[in-house]
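What follows is a single structure, written as structure tokens, with notes after it.
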Amino acid sequence: MPSTLSEESGPVFGSVALGPLDGDLTINFAQPGETAIGPRIIVHGRVHDETGHPVSGALLEVWQANAGGRYRHKNEGYLAPLDPNFGGCGRVTTDENGVYALRTVMPGPYPWPNGTNDWRPAHIHFSVFGHSFAQRLITQMYFEGDPLIWRCPIVASVSDRTAIERLIAPLDMDATVPMDARAYRFDIVLRGRRATYFENRPEGI
Amino acid sequence: MADLHETASQTAGPYVHIGCMPNAAGIAGVYPDDLGVQMVRADTPGQHITVSGHIYDGTGAAVKDALVEVWQADADGNYPEDGTGFTGWGRTASDPDTGLWHFETIKPGPVTHGEGLAMAPHLTLWIAARGINIGLHTRMYFPEDTDAHATDPVLARIKQPLRSDTLIASPQGEAAYNFNIHLQGLGETVFFDV
Ligand SMILES: [Fe+2]
């Protein structure tokens, strides 16, 4: 049985007026004239579907810890301090070629209550809307060269090593802005329309 | 270029609301409003309804940090094709103390499905939360549409009637419905790989 219109359609965010600072986490929460503390980076890339077509108008929402590894959240208990100029959320839509770019600071790794000494590698959370609701995706982006990636049980919940490697953004010197910000490239692939539609047990609960 | 692989999903974690509903998470001033918090206005055509429920984990505990999204047709059974007027999409957070989530929306009409066929009125729901590695797709149907359920092609696909019952909301007074979602265990909700 093919998928139905209920999954093949999806919300359109083209008319949502994003603010000019929405995609710049270094200043979107900061006091006027100030910026967030931490290594300044650009995160950019392209959103495709599985057939290789760029996904235009995709809404990407991101959230992350600050440079010290601390989230701005009332349930957060890590010792590292809040940065008064960093909120930790941002959003952007892709252009007609599926391209997006964000500015932020490098998030810090942080400990979490799993084993006695588990640390999350530095990461940025991504929520993505494509053209159909079936393409809805939530994931995390990691940074090239972080030794914590291969020690992390949340990363390891992805069983395929090459799929993990696709979550790791390489340093992209070509997109670096000299004397300002380094750049990392993170391409995202959303599922294409599937001809199957079947009951599925949730994975990984 | 073809045959790219879908980016792997990773858990939304406990702080999904920072990114998706920052105002609700206490981060004010970045966005004027959280996206999707208001689906209807007083003049939106259709029967105005409230849908609420809890999400339960495998131990029966209410999940208190979930994000719930709805995608639905309008009162005529059409999916909105632009972002103006009734958008068909909403987003809500589980209450951090009780786990209760709710939407104010309209009841959708039946959606066309092939020649002369229709799907019974339903909401498509998508759930992300700590401890779940993938966003979960499910559907909510309305209890009063028993006849339409009998011919619904998706409900027909679910072989065990007790399992398809997990997709049908309970009435809760006038124009209000309760829909509880069980992630695991007895009465586990049917989730779809779409
Ligand atoms: Fe995180």
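Every chain in the structure tokens takes a letter, A first, then B, and so on in the order presented; its residues are numbered from 1, and the ligands are numbered from 1 following the presented order.
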
Need the shell around stretch 129-145 of chain A: protein/DNA/RNA residues with any atom at most 9 Å away, counting only C-alpha atoms. Skip same-chain ones fewer than 5 positions apart. Format as a PyMOL selection string?
(chain A and resi 6-13+47+49+55-61+121-124+155+166-171+184+186+190-193) or (chain B and resi 7-12+71+124+126+128+133-135+137+193-194)

Please provide as a list in words all residues within 12 Å of A:Pro113, with the sequence filter that same-chain residues fewer than 3 positions apart are discarded (counting only C-alpha atoms).
Glu76, Gly77, Tyr78, Tyr110, Thr116, Asn117, Asp118, Trp119, Arg120 and Pro153 of chain A

Those same residues, written as an mmCIF file, in the first residue's frame with all heavy atoms?
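Final file, again_16.cif:
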```
data_model
loop_
_atom_site.group_PDB
_atom_site.id
_atom_site.type_symbol
_atom_site.label_atom_id
_atom_site.label_comp_id
_atom_site.auth_asym_id
_atom_site.auth_seq_id
_atom_site.Cartn_x
_atom_site.Cartn_y
_atom_site.Cartn_z
ATOM 1 N N GLU A 76 18.502 22.130 33.632
ATOM 2 C CA GLU A 76 19.935 21.916 33.407
ATOM 3 C C GLU A 76 20.703 22.144 34.706
ATOM 4 O O GLU A 76 20.484 23.146 35.405
ATOM 5 C CB GLU A 76 20.391 22.896 32.307
ATOM 6 C CG GLU A 76 21.873 23.184 32.201
ATOM 7 C CD GLU A 76 22.676 22.048 31.627
ATOM 8 O OE1 GLU A 76 22.845 21.052 32.349
ATOM 9 O OE2 GLU A 76 23.128 22.152 30.466
ATOM 10 N N GLY A 77 21.593 21.211 35.050
ATOM 11 C CA GLY A 77 22.290 21.337 36.324
ATOM 12 C C GLY A 77 23.807 21.349 36.241
ATOM 13 O O GLY A 77 24.483 21.224 37.274
ATOM 14 N N TYR A 78 24.356 21.466 35.037
ATOM 15 C CA TYR A 78 25.811 21.398 34.904
ATOM 16 C C TYR A 78 26.466 22.624 35.527
ATOM 17 O O TYR A 78 25.939 23.735 35.461
ATOM 18 C CB TYR A 78 26.166 21.264 33.419
ATOM 19 C CG TYR A 78 27.633 21.094 33.111
ATOM 20 C CD1 TYR A 78 28.485 20.394 33.979
ATOM 21 C CD2 TYR A 78 28.171 21.612 31.937
ATOM 22 C CE1 TYR A 78 29.832 20.233 33.678
ATOM 23 C CE2 TYR A 78 29.505 21.448 31.624
ATOM 24 C CZ TYR A 78 30.337 20.762 32.500
ATOM 25 O OH TYR A 78 31.660 20.605 32.195
ATOM 26 N N TYR A 110 29.594 18.094 27.276
ATOM 27 C CA TYR A 110 29.048 18.164 28.639
ATOM 28 C C TYR A 110 28.823 16.763 29.193
ATOM 29 O O TYR A 110 28.594 15.822 28.441
ATOM 30 C CB TYR A 110 27.771 19.001 28.679
ATOM 31 C CG TYR A 110 26.637 18.524 27.785
ATOM 32 C CD1 TYR A 110 25.763 17.506 28.183
ATOM 33 C CD2 TYR A 110 26.426 19.111 26.540
ATOM 34 C CE1 TYR A 110 24.712 17.095 27.366
ATOM 35 C CE2 TYR A 110 25.382 18.699 25.715
ATOM 36 C CZ TYR A 110 24.530 17.690 26.150
ATOM 37 O OH TYR A 110 23.510 17.287 25.335
ATOM 38 N N THR A 116 28.986 6.395 34.945
ATOM 39 C CA THR A 116 29.551 7.259 35.979
ATOM 40 C C THR A 116 30.316 8.432 35.379
ATOM 41 O O THR A 116 30.543 9.420 36.061
ATOM 42 C CB THR A 116 30.514 6.470 36.884
ATOM 43 O OG1 THR A 116 31.468 5.809 36.044
ATOM 44 C CG2 THR A 116 29.756 5.434 37.699
ATOM 45 N N ASN A 117 30.719 8.322 34.112
ATOM 46 C CA ASN A 117 31.559 9.372 33.537
ATOM 47 C C ASN A 117 31.349 9.452 32.025
ATOM 48 O O ASN A 117 32.262 9.229 31.244
ATOM 49 C CB ASN A 117 33.031 9.087 33.867
ATOM 50 C CG ASN A 117 33.941 10.240 33.484
ATOM 51 O OD1 ASN A 117 33.496 11.368 33.337
ATOM 52 N ND2 ASN A 117 35.220 9.937 33.313
ATOM 53 N N ASP A 118 30.106 9.765 31.642
ATOM 54 C CA ASP A 118 29.794 9.873 30.210
ATOM 55 C C ASP A 118 29.712 11.333 29.795
ATOM 56 O O ASP A 118 29.062 12.140 30.452
ATOM 57 C CB ASP A 118 28.458 9.185 29.898
ATOM 58 C CG ASP A 118 28.638 7.694 29.704
ATOM 59 O OD1 ASP A 118 29.524 7.314 28.912
ATOM 60 O OD2 ASP A 118 27.908 6.907 30.340
ATOM 61 N N TRP A 119 30.382 11.633 28.687
ATOM 62 C CA TRP A 119 30.391 12.996 28.154
ATOM 63 C C TRP A 119 29.835 12.976 26.744
ATOM 64 O O TRP A 119 30.220 12.141 25.922
ATOM 65 C CB TRP A 119 31.821 13.545 28.120
ATOM 66 C CG TRP A 119 32.389 13.760 29.481
ATOM 67 C CD1 TRP A 119 32.829 12.796 30.347
ATOM 68 C CD2 TRP A 119 32.536 15.001 30.159
ATOM 69 N NE1 TRP A 119 33.246 13.369 31.524
ATOM 70 C CE2 TRP A 119 33.090 14.732 31.429
ATOM 71 C CE3 TRP A 119 32.270 16.332 29.798
ATOM 72 C CZ2 TRP A 119 33.368 15.731 32.358
ATOM 73 C CZ3 TRP A 119 32.557 17.329 30.722
ATOM 74 C CH2 TRP A 119 33.103 17.027 31.994
ATOM 75 N N ARG A 120 28.932 13.924 26.471
ATOM 76 C CA ARG A 120 28.476 14.102 25.091
ATOM 77 C C ARG A 120 29.565 14.830 24.302
ATOM 78 O O ARG A 120 30.098 15.834 24.769
ATOM 79 C CB ARG A 120 27.193 14.951 25.022
ATOM 80 C CG ARG A 120 25.936 14.407 25.637
ATOM 81 C CD ARG A 120 25.446 13.071 25.084
ATOM 82 N NE ARG A 120 25.667 12.808 23.659
ATOM 83 C CZ ARG A 120 24.910 13.277 22.662
ATOM 84 N NH1 ARG A 120 23.874 14.045 22.905
ATOM 85 N NH2 ARG A 120 25.182 12.965 21.405
ATOM 86 N N PRO A 153 27.421 6.752 23.789
ATOM 87 C CA PRO A 153 26.367 5.762 23.530
ATOM 88 C C PRO A 153 25.198 6.307 22.718
ATOM 89 O O PRO A 153 24.512 5.541 22.037
ATOM 90 C CB PRO A 153 25.906 5.346 24.935
ATOM 91 C CG PRO A 153 26.417 6.380 25.875
ATOM 92 C CD PRO A 153 27.605 7.031 25.224
#
```

Which residues come within 12 Å of B:Thr87, counting only C-alpha atoms, excluding same-chain residues fewer than 3 positions away, as a PyMOL selection string?
(chain A and resi 9-16) or (chain B and resi 35-41+44+70-75+78-84+90-91+105-106)

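Residues of stretch 22-197 of chain A that DSSP, applied to the backbone, places in alpha helix (DSSP H): Arg161, Thr162, Ala163, Ile164 and Glu165 of chain A.
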
Using only C-alpha atoms and all ligand atoms, which of the listed residues (A:Thr35, A:Thr4, A:Asn66, A:Thr162) sits closest to ligand 1?
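Distance minimum relative to ligand 1 lands on A:Asn66.
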
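Within 6 Å of stretch 164-173 of chain B there are Arg139, Met140, Tyr141, Phe142, Pro143, Pro161, Leu162, Ala176, Tyr177, Asn178, Phe179 and Thr189 of chain B, counting only C-alpha atoms and ignoring same-chain residues fewer than 2 positions away.
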
Using N, CA, C and O atoms, can you export the residues from the last selection as a short mmCIF file (atom, residue, chain, number, x, y, z; two decimals), in the first residue's frame?
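Below is the file part_0.cif, written as the result:
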```
data_model
loop_
_atom_site.label_atom_id
_atom_site.label_comp_id
_atom_site.auth_asym_id
_atom_site.auth_seq_id
_atom_site.Cartn_x
_atom_site.Cartn_y
_atom_site.Cartn_z
N ARG B 139 -1.40 8.40 14.13
CA ARG B 139 -2.62 9.09 13.70
C ARG B 139 -3.64 9.05 14.80
O ARG B 139 -3.71 8.07 15.54
N MET B 140 -4.44 10.09 14.85
CA MET B 140 -5.59 10.08 15.75
C MET B 140 -6.86 10.17 14.92
O MET B 140 -7.02 11.11 14.12
N TYR B 141 -7.76 9.20 15.13
CA TYR B 141 -9.08 9.23 14.52
C TYR B 141 -10.12 9.64 15.57
O TYR B 141 -9.84 9.59 16.77
N PHE B 142 -11.32 9.99 15.09
CA PHE B 142 -12.35 10.53 15.98
C PHE B 142 -13.38 9.44 16.30
O PHE B 142 -13.82 8.71 15.40
N PRO B 143 -13.79 9.36 17.57
CA PRO B 143 -14.63 8.23 17.99
C PRO B 143 -16.00 8.19 17.31
O PRO B 143 -16.59 7.11 17.16
N PRO B 161 -7.70 -5.72 15.53
CA PRO B 161 -8.60 -4.62 15.89
C PRO B 161 -8.20 -3.94 17.20
O PRO B 161 -8.33 -2.72 17.32
N LEU B 162 -7.66 -4.70 18.14
CA LEU B 162 -7.27 -4.07 19.40
C LEU B 162 -6.16 -3.05 19.19
O LEU B 162 -6.08 -2.07 19.90
N ALA B 176 -14.41 18.05 22.57
CA ALA B 176 -13.09 17.81 23.15
C ALA B 176 -12.79 16.31 23.11
O ALA B 176 -13.68 15.47 23.24
N TYR B 177 -11.52 16.02 22.88
CA TYR B 177 -11.11 14.63 22.72
C TYR B 177 -9.85 14.38 23.54
O TYR B 177 -9.00 15.25 23.69
N ASN B 178 -9.75 13.15 24.02
CA ASN B 178 -8.55 12.72 24.74
C ASN B 178 -7.87 11.63 23.93
O ASN B 178 -8.52 10.71 23.44
N PHE B 179 -6.55 11.77 23.78
CA PHE B 179 -5.80 10.78 23.01
C PHE B 179 -4.49 10.50 23.73
O PHE B 179 -3.58 11.34 23.75
N THR B 189 0.75 2.15 21.22
CA THR B 189 0.14 2.84 20.09
C THR B 189 0.77 2.32 18.78
O THR B 189 1.94 1.98 18.75
#
```

Using only C-alpha atoms and all ligand atoms: which of A:Leu21, A:Leu5, A:Ala65, A:Met106 has the shortest distance to ligand 1:
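For ligand 1, the nearest of the given residues is A:Ala65.
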
Nearest to B:Ile158: which of B:Gly85, B:Asp65, B:Val190, B:Gln184 is it, counting only C-alpha atoms?
B:Val190

Using only C-alpha atoms: which of A:Ser157, A:Gln64, A:Glu96, A:Ile42 has the shortest distance to A:Asp174
A:Ile42
